[in-house]
>>> print(open('entry32.pdb').read())   # PDB, C-alpha atoms
ATOM      1  CA  MET A   1      69.792  98.758 178.706
ATOM      2  CA  ARG A   2      70.741  98.846 182.385
ATOM      3  CA  ASN A   3      73.507  96.352 181.738
ATOM      4  CA  THR A   4      74.773  98.353 178.786
ATOM      5  CA  LEU A   5      75.124 101.367 181.064
ATOM      6  CA  ILE A   6      76.997  99.393 183.719
ATOM      7  CA  ILE A   7      79.322  97.986 181.086
ATOM      8  CA  LEU A   8      79.984 101.404 179.597
ATOM      9  CA  ILE A   9      80.720 102.763 183.071
ATOM     10  CA  PHE A  10      83.316 100.025 183.649
ATOM     11  CA  PHE A  11      84.854 100.631 180.237
ATOM     12  CA  VAL A  12      84.992 104.412 180.692
ATOM     13  CA  ALA A  13      86.395 104.065 184.232
ATOM     14  CA  GLY A  14      89.152 101.844 182.825
ATOM     15  CA  LEU A  15      89.702 104.328 180.029
ATOM     16  CA  PHE A  16      90.340 107.138 182.532
ATOM     17  CA  PHE A  17      92.688 104.959 184.560
ATOM     18  CA  GLY A  18      94.609 104.137 181.403
ATOM     19  CA  LEU A  19      94.621 107.690 180.070
ATOM     20  CA  PHE A  20      95.848 109.322 183.239
ATOM     21  CA  ALA A  21      98.085 106.423 184.213
ATOM     22  CA  PHE A  22      96.787 106.005 187.744
ATOM     23  CA  LEU A  23      98.012 102.457 187.570
ATOM     24  CA  PRO A  24     101.568 101.549 188.565
ATOM     25  CA  ASP A  25     103.818 100.170 185.830
ATOM     26  CA  GLY A  26     103.226  96.550 184.925
ATOM     27  CA  LEU A  27      99.686  96.620 186.250
ATOM     28  CA  ASP A  28      97.999  97.034 182.906
ATOM     29  CA  GLY A  29      96.318  93.678 183.426
ATOM     30  CA  GLU A  30      97.641  92.154 180.196
ATOM     31  CA  GLU A  31      98.481  88.801 181.719
ATOM     32  CA  MET A  32      95.544  88.697 184.062
ATOM     33  CA  THR A  33      92.947  89.544 181.422
ATOM     34  CA  LEU A  34      93.894  86.491 179.434
ATOM     35  CA  TYR A  35      93.165  84.201 182.364
ATOM     36  CA  VAL A  36      89.976  86.053 183.256
ATOM     37  CA  LEU A  37      88.912  85.690 179.628
ATOM     38  CA  TYR A  38      89.546  81.948 179.761
ATOM     39  CA  LEU A  39      87.518  81.763 182.964
ATOM     40  CA  LEU A  40      84.763  83.785 181.309
ATOM     41  CA  LEU A  41      84.549  81.426 178.342
ATOM     42  CA  PHE A  42      84.321  78.439 180.651
ATOM     43  CA  LEU A  43      81.544  80.196 182.607
ATOM     44  CA  VAL A  44      79.694  81.125 179.417
ATOM     45  CA  GLY A  45      79.878  77.449 178.485
ATOM     46  CA  ILE A  46      78.395  76.446 181.844
ATOM     47  CA  GLY A  47      75.534  78.877 181.295
ATOM     48  CA  VAL A  48      74.846  77.363 177.885
ATOM     49  CA  GLY A  49      75.092  73.757 179.076
ATOM     50  CA  ALA A  50      72.881  74.344 182.092
ATOM     51  CA  ASN A  51      70.218  76.234 180.163
ATOM     52  CA  ARG A  52      67.188  73.976 179.906
ATOM     53  CA  ASP A  53      65.694  76.165 177.199
ATOM     54  CA  THR A  54      68.564  75.430 174.834
ATOM     55  CA  LEU A  55      67.724  71.784 174.351
ATOM     56  CA  LYS A  56      63.996  72.382 174.518
ATOM     57  CA  LEU A  57      64.205  75.026 171.803
ATOM     58  CA  LEU A  58      66.425  72.945 169.586
ATOM     59  CA  ARG A  59      64.091  69.969 169.870
ATOM     60  CA  SER A  60      60.823  71.797 169.375
ATOM     61  CA  VAL A  61      61.529  73.598 166.127
ATOM     62  CA  ASN A  62      61.427  72.651 162.500
ATOM     63  CA  PHE A  63      64.270  73.143 160.107
ATOM     64  CA  ARG A  64      62.924  76.345 158.598
ATOM     65  CA  ILE A  65      63.464  78.388 161.732
ATOM     66  CA  PHE A  66      67.232  77.930 161.377
ATOM     67  CA  LEU A  67      66.976  79.988 158.201
ATOM     68  CA  ILE A  68      66.453  83.118 160.306
ATOM     69  CA  PRO A  69      69.801  83.144 162.184
ATOM     70  CA  LEU A  70      71.440  81.843 158.999
ATOM     71  CA  SER A  71      70.141  84.855 157.077
ATOM     72  CA  VAL A  72      71.414  87.158 159.830
ATOM     73  CA  ILE A  73      74.892  85.643 159.524
ATOM     74  CA  LEU A  74      74.911  85.825 155.722
ATOM     75  CA  GLY A  75      73.558  89.377 155.733
ATOM     76  CA  THR A  76      76.033  90.565 158.352
ATOM     77  CA  PHE A  77      78.915  89.049 156.385
ATOM     78  CA  LEU A  78      77.617  90.615 153.175
ATOM     79  CA  GLY A  79      77.206  94.080 154.715
ATOM     80  CA  THR A  80      80.589  94.034 156.443
ATOM     81  CA  PHE A  81      82.173  92.702 153.237
ATOM     82  CA  VAL A  82      80.881  95.800 151.443
ATOM     83  CA  TYR A  83      82.433  97.953 154.171
ATOM     84  CA  SER A  84      85.811  96.234 153.789
ATOM     85  CA  LEU A  85      85.756  97.189 150.094
ATOM     86  CA  LEU A  86      85.151 100.847 150.956
ATOM     87  CA  ASP A  87      87.762 101.154 153.711
ATOM     88  CA  PRO A  88      91.251  99.894 152.843
ATOM     89  CA  SER A  89      92.452 100.387 156.440
ATOM     90  CA  ILE A  90      90.503  97.351 157.678
ATOM     91  CA  THR A  91      90.649  93.778 156.386
ATOM     92  CA  LEU A  92      87.719  91.549 155.503
ATOM     93  CA  ARG A  93      88.545  89.202 158.373
ATOM     94  CA  GLU A  94      88.510  92.113 160.822
ATOM     95  CA  CYS A  95      85.173  93.326 159.477
ATOM     96  CA  TRP A  96      83.655  89.871 159.736
ATOM     97  CA  ALA A  97      84.973  89.421 163.279
ATOM     98  CA  VAL A  98      83.390  92.723 164.353
ATOM     99  CA  GLY A  99      80.121  91.780 162.639
ATOM    100  CA  SER A 100      80.159  88.330 164.255
ATOM    101  CA  GLY A 101      79.367  89.907 167.605
ATOM    102  CA  PHE A 102      75.758  90.241 166.317
ATOM    103  CA  GLY A 103      75.209  92.773 169.103
ATOM    104  CA  TYR A 104      76.803  90.631 171.839
ATOM    105  CA  TYR A 105      79.305  93.364 172.592
ATOM    106  CA  SER A 106      80.704  92.263 175.950
ATOM    107  CA  LEU A 107      82.028  88.876 174.925
ATOM    108  CA  SER A 108      82.925  89.736 171.327
ATOM    109  CA  SER A 109      84.892  92.865 172.232
ATOM    110  CA  VAL A 110      87.062  91.220 174.885
ATOM    111  CA  LEU A 111      87.657  88.198 172.648
ATOM    112  CA  ILE A 112      88.625  90.371 169.691
ATOM    113  CA  LYS A 113      90.836  92.608 171.819
ATOM    114  CA  GLU A 114      92.733  89.552 173.028
ATOM    115  CA  ILE A 115      93.259  88.168 169.523
ATOM    116  CA  ALA A 116      93.563  91.292 167.398
ATOM    117  CA  GLY A 117      94.415  94.157 169.746
ATOM    118  CA  GLU A 118      92.824  97.202 171.382
ATOM    119  CA  SER A 119      91.911  99.024 168.228
ATOM    120  CA  LEU A 120      89.671  96.300 166.814
ATOM    121  CA  GLY A 121      88.396  95.510 170.313
ATOM    122  CA  VAL A 122      87.067  99.054 170.661
ATOM    123  CA  ILE A 123      85.526  98.950 167.196
ATOM    124  CA  ALA A 124      83.778  95.714 168.190
ATOM    125  CA  LEU A 125      82.542  97.172 171.470
ATOM    126  CA  LEU A 126      81.142 100.330 169.872
ATOM    127  CA  SER A 127      79.782  98.565 166.809
ATOM    128  CA  ASN A 128      77.887  95.925 168.732
ATOM    129  CA  ILE A 129      76.463  98.433 171.214
ATOM    130  CA  ILE A 130      75.323 100.516 168.243
ATOM    131  CA  ARG A 131      73.632  97.449 166.733
ATOM    132  CA  GLU A 132      71.596  97.053 169.902
ATOM    133  CA  ILE A 133      70.695 100.745 169.993
ATOM    134  CA  LEU A 134      69.781 100.770 166.282
ATOM    135  CA  THR A 135      67.444  97.845 166.854
ATOM    136  CA  LEU A 136      65.816  99.526 169.830
ATOM    137  CA  LEU A 137      65.226 102.642 167.741
ATOM    138  CA  LEU A 138      64.278 101.100 164.407
ATOM    139  CA  ALA A 139      62.361  97.909 165.269
ATOM    140  CA  PRO A 140      58.893  99.387 164.611
ATOM    141  CA  LEU A 141      59.960 100.999 161.334
ATOM    142  CA  LEU A 142      61.796  97.885 160.108
ATOM    143  CA  SER A 143      58.824  95.625 160.769
ATOM    144  CA  ARG A 144      56.551  97.916 158.756
ATOM    145  CA  ILE A 145      58.886  97.962 155.739
ATOM    146  CA  PHE A 146      60.410  94.479 155.731
ATOM    147  CA  GLY A 147      57.948  92.314 157.624
ATOM    148  CA  TYR A 148      57.950  90.641 161.015
ATOM    149  CA  LEU A 149      61.365  89.009 160.724
ATOM    150  CA  ALA A 150      63.236  92.293 160.196
ATOM    151  CA  PRO A 151      63.525  93.460 163.831
ATOM    152  CA  ILE A 152      64.597  89.948 164.855
ATOM    153  CA  SER A 153      67.265  90.090 162.170
ATOM    154  CA  ALA A 154      68.513  93.540 163.176
ATOM    155  CA  GLY A 155      68.627  92.507 166.829
ATOM    156  CA  GLY A 156      70.974  89.579 166.096
ATOM    157  CA  ALA A 157      72.102  87.976 169.341
ATOM    158  CA  THR A 158      70.232  90.564 171.425
ATOM    159  CA  ALA A 159      66.873  89.382 170.047
ATOM    160  CA  MET A 160      66.741  86.886 172.913
ATOM    161  CA  ASP A 161      67.042  89.419 175.740
ATOM    162  CA  THR A 162      67.750  93.138 175.565
ATOM    163  CA  THR A 163      65.857  93.933 172.373
ATOM    164  CA  LEU A 164      63.153  91.271 172.859
ATOM    165  CA  PRO A 165      60.631  93.670 174.486
ATOM    166  CA  ILE A 166      60.773  96.205 171.651
ATOM    167  CA  ILE A 167      60.710  93.402 169.064
ATOM    168  CA  THR A 168      57.576  91.806 170.493
ATOM    169  CA  ARG A 169      55.976  95.217 170.843
ATOM    170  CA  SER A 170      56.491  95.893 167.148
ATOM    171  CA  ILE A 171      55.677  92.461 165.685
ATOM    172  CA  GLY A 172      53.513  90.833 168.350
ATOM    173  CA  THR A 173      54.173  88.469 171.240
ATOM    174  CA  GLU A 174      53.350  85.443 169.068
ATOM    175  CA  TYR A 175      56.815  85.809 167.541
ATOM    176  CA  ALA A 176      58.659  85.986 170.867
ATOM    177  CA  ALA A 177      59.741  82.328 170.631
ATOM    178  CA  VAL A 178      61.127  82.857 167.109
ATOM    179  CA  SER A 179      63.009  85.919 168.322
ATOM    180  CA  VAL A 180      64.475  84.096 171.315
ATOM    181  CA  PHE A 181      65.458  81.189 169.100
ATOM    182  CA  SER A 182      67.308  83.324 166.571
ATOM    183  CA  GLY A 183      69.017  85.354 169.308
ATOM    184  CA  LEU A 184      70.017  82.201 171.152
ATOM    185  CA  VAL A 185      71.571  80.515 168.112
ATOM    186  CA  LEU A 186      73.558  83.660 167.308
ATOM    187  CA  THR A 187      74.624  84.134 170.934
ATOM    188  CA  LEU A 188      75.913  80.568 171.031
ATOM    189  CA  LEU A 189      77.830  81.087 167.795
ATOM    190  CA  VAL A 190      79.642  84.293 168.841
ATOM    191  CA  PRO A 191      82.440  82.670 170.903
ATOM    192  CA  PHE A 192      83.006  80.089 168.150
ATOM    193  CA  LEU A 193      82.828  82.358 165.110
ATOM    194  CA  VAL A 194      85.039  85.197 166.361
ATOM    195  CA  PRO A 195      88.203  83.128 166.982
ATOM    196  CA  LEU A 196      87.584  81.049 163.861
ATOM    197  CA  ILE A 197      87.444  84.145 161.669
ATOM    198  CA  LEU A 198      90.455  85.958 163.125
TER     199      LEU A 198
ATOM    200  CA  MET B   1      92.497  80.061 169.584
ATOM    201  CA  ILE B   2      91.905  76.360 170.122
ATOM    202  CA  THR B   3      92.021  77.101 173.864
ATOM    203  CA  VAL B   4      88.932  79.293 173.564
ATOM    204  CA  ILE B   5      86.877  76.609 171.888
ATOM    205  CA  VAL B   6      88.108  73.800 174.152
ATOM    206  CA  LEU B   7      87.224  75.867 177.240
ATOM    207  CA  LEU B   8      83.775  76.630 175.844
ATOM    208  CA  ILE B   9      83.001  73.012 175.115
ATOM    209  CA  ALA B  10      84.365  71.936 178.509
ATOM    210  CA  GLY B  11      82.104  74.561 180.111
ATOM    211  CA  ILE B  12      79.074  73.359 178.172
ATOM    212  CA  LEU B  13      79.689  69.772 179.308
ATOM    213  CA  VAL B  14      80.192  70.814 182.938
ATOM    214  CA  GLY B  15      77.101  73.023 182.788
ATOM    215  CA  PHE B  16      75.058  70.200 181.330
ATOM    216  CA  LEU B  17      76.203  67.777 184.040
ATOM    217  CA  LEU B  18      75.568  70.312 186.812
ATOM    218  CA  ARG B  19      72.308  71.655 185.375
ATOM    219  CA  ASN B  20      70.292  70.481 188.362
ATOM    220  CA  TYR B  21      72.549  72.184 190.919
ATOM    221  CA  ARG B  22      70.875  75.577 190.626
ATOM    222  CA  ARG B  23      73.107  77.191 193.291
ATOM    223  CA  ILE B  24      76.231  76.494 191.269
ATOM    224  CA  ILE B  25      74.588  77.667 188.059
ATOM    225  CA  VAL B  26      73.406  80.925 189.668
ATOM    226  CA  LEU B  27      76.870  81.473 191.116
ATOM    227  CA  SER B  28      78.473  80.902 187.735
ATOM    228  CA  ALA B  29      76.076  83.411 186.149
ATOM    229  CA  LYS B  30      77.125  86.003 188.745
ATOM    230  CA  LEU B  31      80.795  85.222 188.158
ATOM    231  CA  THR B  32      80.189  85.608 184.423
ATOM    232  CA  ASP B  33      78.913  89.158 184.974
ATOM    233  CA  ALA B  34      81.837  89.965 187.270
ATOM    234  CA  ALA B  35      84.348  88.629 184.726
ATOM    235  CA  ILE B  36      82.740  90.668 181.945
ATOM    236  CA  PHE B  37      82.833  93.873 184.017
ATOM    237  CA  LEU B  38      86.468  93.261 184.955
ATOM    238  CA  LEU B  39      87.485  92.546 181.375
ATOM    239  CA  LEU B  40      85.751  95.638 180.042
ATOM    240  CA  PHE B  41      87.439  97.714 182.721
ATOM    241  CA  PHE B  42      90.795  96.376 181.561
ATOM    242  CA  LEU B  43      89.823  96.853 177.928
ATOM    243  CA  GLY B  44      89.301 100.492 178.909
ATOM    244  CA  VAL B  45      92.673 100.604 180.660
ATOM    245  CA  SER B  46      94.603  99.194 177.717
ATOM    246  CA  VAL B  47      92.730 101.437 175.299
ATOM    247  CA  GLY B  48      93.498 104.468 177.472
ATOM    248  CA  MET B  49      97.176 103.568 177.563
ATOM    249  CA  ASN B  50      97.335 102.949 173.822
ATOM    250  CA  GLN B  51      98.279 106.295 172.279
ATOM    251  CA  GLN B  52      97.509 105.061 168.779
ATOM    252  CA  VAL B  53      93.935 104.166 169.655
ATOM    253  CA  VAL B  54      93.335 107.341 171.679
ATOM    254  CA  SER B  55      94.518 109.670 168.923
ATOM    255  CA  ASN B  56      92.475 107.713 166.371
ATOM    256  CA  PHE B  57      89.304 107.567 168.390
ATOM    257  CA  ARG B  58      87.164 109.620 166.017
ATOM    258  CA  ASN B  59      88.244 107.488 163.106
ATOM    259  CA  ILE B  60      87.582 104.292 165.037
ATOM    260  CA  GLY B  61      84.162 105.550 166.102
ATOM    261  CA  LEU B  62      83.234 106.357 162.514
ATOM    262  CA  GLN B  63      84.384 102.909 161.366
ATOM    263  CA  ALA B  64      82.254 101.304 164.069
ATOM    264  CA  VAL B  65      79.168 103.274 163.021
ATOM    265  CA  LEU B  66      79.575 102.480 159.322
ATOM    266  CA  ILE B  67      80.337  98.780 159.839
ATOM    267  CA  THR B  68      77.259  98.476 162.025
ATOM    268  CA  LEU B  69      74.960 100.269 159.603
ATOM    269  CA  LEU B  70      76.054  97.969 156.783
ATOM    270  CA  ALA B  71      75.964  94.842 158.960
ATOM    271  CA  THR B  72      72.437  95.615 160.137
ATOM    272  CA  LEU B  73      71.219  96.616 156.685
ATOM    273  CA  GLY B  74      72.753  93.461 155.177
ATOM    274  CA  SER B  75      71.062  91.305 157.828
ATOM    275  CA  VAL B  76      67.672  92.875 157.323
ATOM    276  CA  LEU B  77      67.900  92.576 153.532
ATOM    277  CA  VAL B  78      69.017  88.930 153.453
ATOM    278  CA  THR B  79      66.390  88.055 156.068
ATOM    279  CA  TYR B  80      63.811  89.850 153.904
ATOM    280  CA  LEU B  81      64.926  87.794 150.907
ATOM    281  CA  PHE B  82      64.580  84.581 152.936
ATOM    282  CA  TYR B  83      61.213  85.824 154.193
ATOM    283  CA  ARG B  84      59.966  86.290 150.626
ATOM    284  CA  LEU B  85      61.348  82.905 149.561
ATOM    285  CA  PHE B  86      60.478  80.682 152.514
ATOM    286  CA  PHE B  87      58.068  82.356 154.943
ATOM    287  CA  ARG B  88      55.477  84.159 152.869
ATOM    288  CA  ASP B  89      52.948  81.323 152.938
ATOM    289  CA  ARG B  90      52.260  81.892 156.619
TER     290      ARG B  90
END
>>> encode(input="entry32.pdb", output="structure tokens")
Amino acid sequence: MRNTLIILIFFVAGLFFGLFAFLPDGLDGEEMTLYVLYLLLFLVGIGVGANRDTLKLLRSVNFRIFLIPLSVILGTFLGTFVYSLLDPSITLRECWAVGSGFGYYSLSSVLIKEIAGESLGVIALLSNIIREILTLLLAPLLSRIFGYLAPISAGGATAMDTTLPIITRSIGTEYAAVSVFSGLVLTLLVPFLVPLIL
Amino acid sequence: MITVIVLLIAGILVGFLLRNYRRIIVLSAKLTDAAIFLLLFFLGVSVGMNQQVVSNFRNIGLQAVLITLLATLGSVLVTYLFYRLFFRDR
């Protein structure tokens, strides 16, 4: 949650700069952001490659556990598909790209902004922050109605870190590893899925 | 967007090779945070300068809320289906 606040502060600070045009002409960062984004992706890759847990997790689990992140992907695509039918102003691809953040708002929003523009970037930022907040609020209720996998599913990529405490509090610490696994798989998929969809 | 995927894979390989150099890995994690903060600041800037987005903000906010509700509901329901089909024997 602390990180979410910091990120929102940076976004809102930028928003005010942009709105009131404190920045001199030509300093809107268009060119620079692209290179910073490339650097970011490389750094995200380093984090993934250096993470000892990644390999350990992938080795230690049976096939069935992959069904959990798979169901999150299918469900997210299904839900956002329904939305694209209801709202003609947004395409199915755009809806799927926004959904494919799975709560990982920082990376998905900057990626989407770069590929599809500010408007969809903001939708992705808000949407994925809301997914995290929804999970924090609803985890206990969801687990009572839909069983122990539900909060893990709602949490998406955040099930490995920011929503993990509330998830384990509502379904028990014995499922922490499952939660981390699902969140990790989804987190790894975000930077691949978003550009592939758009 | 090939660049994105190539850079990611290159990063993963470099990270894997350097995984025992904790100093470099910690530094790259800090740089990752800094890059994210910078990019979100500039996302804010370009949003603020984009009249179309600013005047549509309520609409965009509503879209974000509805997409998320459906995405989360869809996830929970499909996971529940999988749970009934594959996990109930636990």
>>> atom_distance(input="entry32.pdb", atom1="atom CA of Ala64 of chain B", atom2="atom CA of Leu74 of chain A")
19.1 Å
>>> closest_residue(input="entry32.pdb", among="B:Leu13, B:Gln52, B:Ala35, B:Ala29", to="Ser106 of chain A", atoms="only C-alpha atoms")
B:Ala35
>>> residues_near_point(input="entry32.pdb", point="(85.5, 95.1, 173.3)", cutoff="8 Å", atoms="only C-alpha atoms", output="number ranges by chain")
A: 105-113, 118, 120-126; B: 40, 43
>>> interface_residues(input="entry32.pdb", of="chain B", to="chain A", cutoff="7 Å", atoms="all atoms listed in the file", output="MDAnalysis selection string")
chainID B and resid 1 4:5 7:16 18:19 25 28:29 32 35:37 39:49 53 60:61 64:65 67:68 70:80 82
>>> axis_aligned_box(input="entry32.pdb", around="segment 72-80 of chain B", padding_each_side="5 Å", output="lines of an AutoDock Vina configuration file")
center_x = 68.3
center_y = 92.3
center_z = 156.8
size_x = 18.9
size_y = 18.6
size_z = 16.7
>>> atom_distance(input="entry32.pdb", atom1="atom CA of Leu184 of chain A", atom2="atom CA of Ala157 of chain A")
6.4 Å
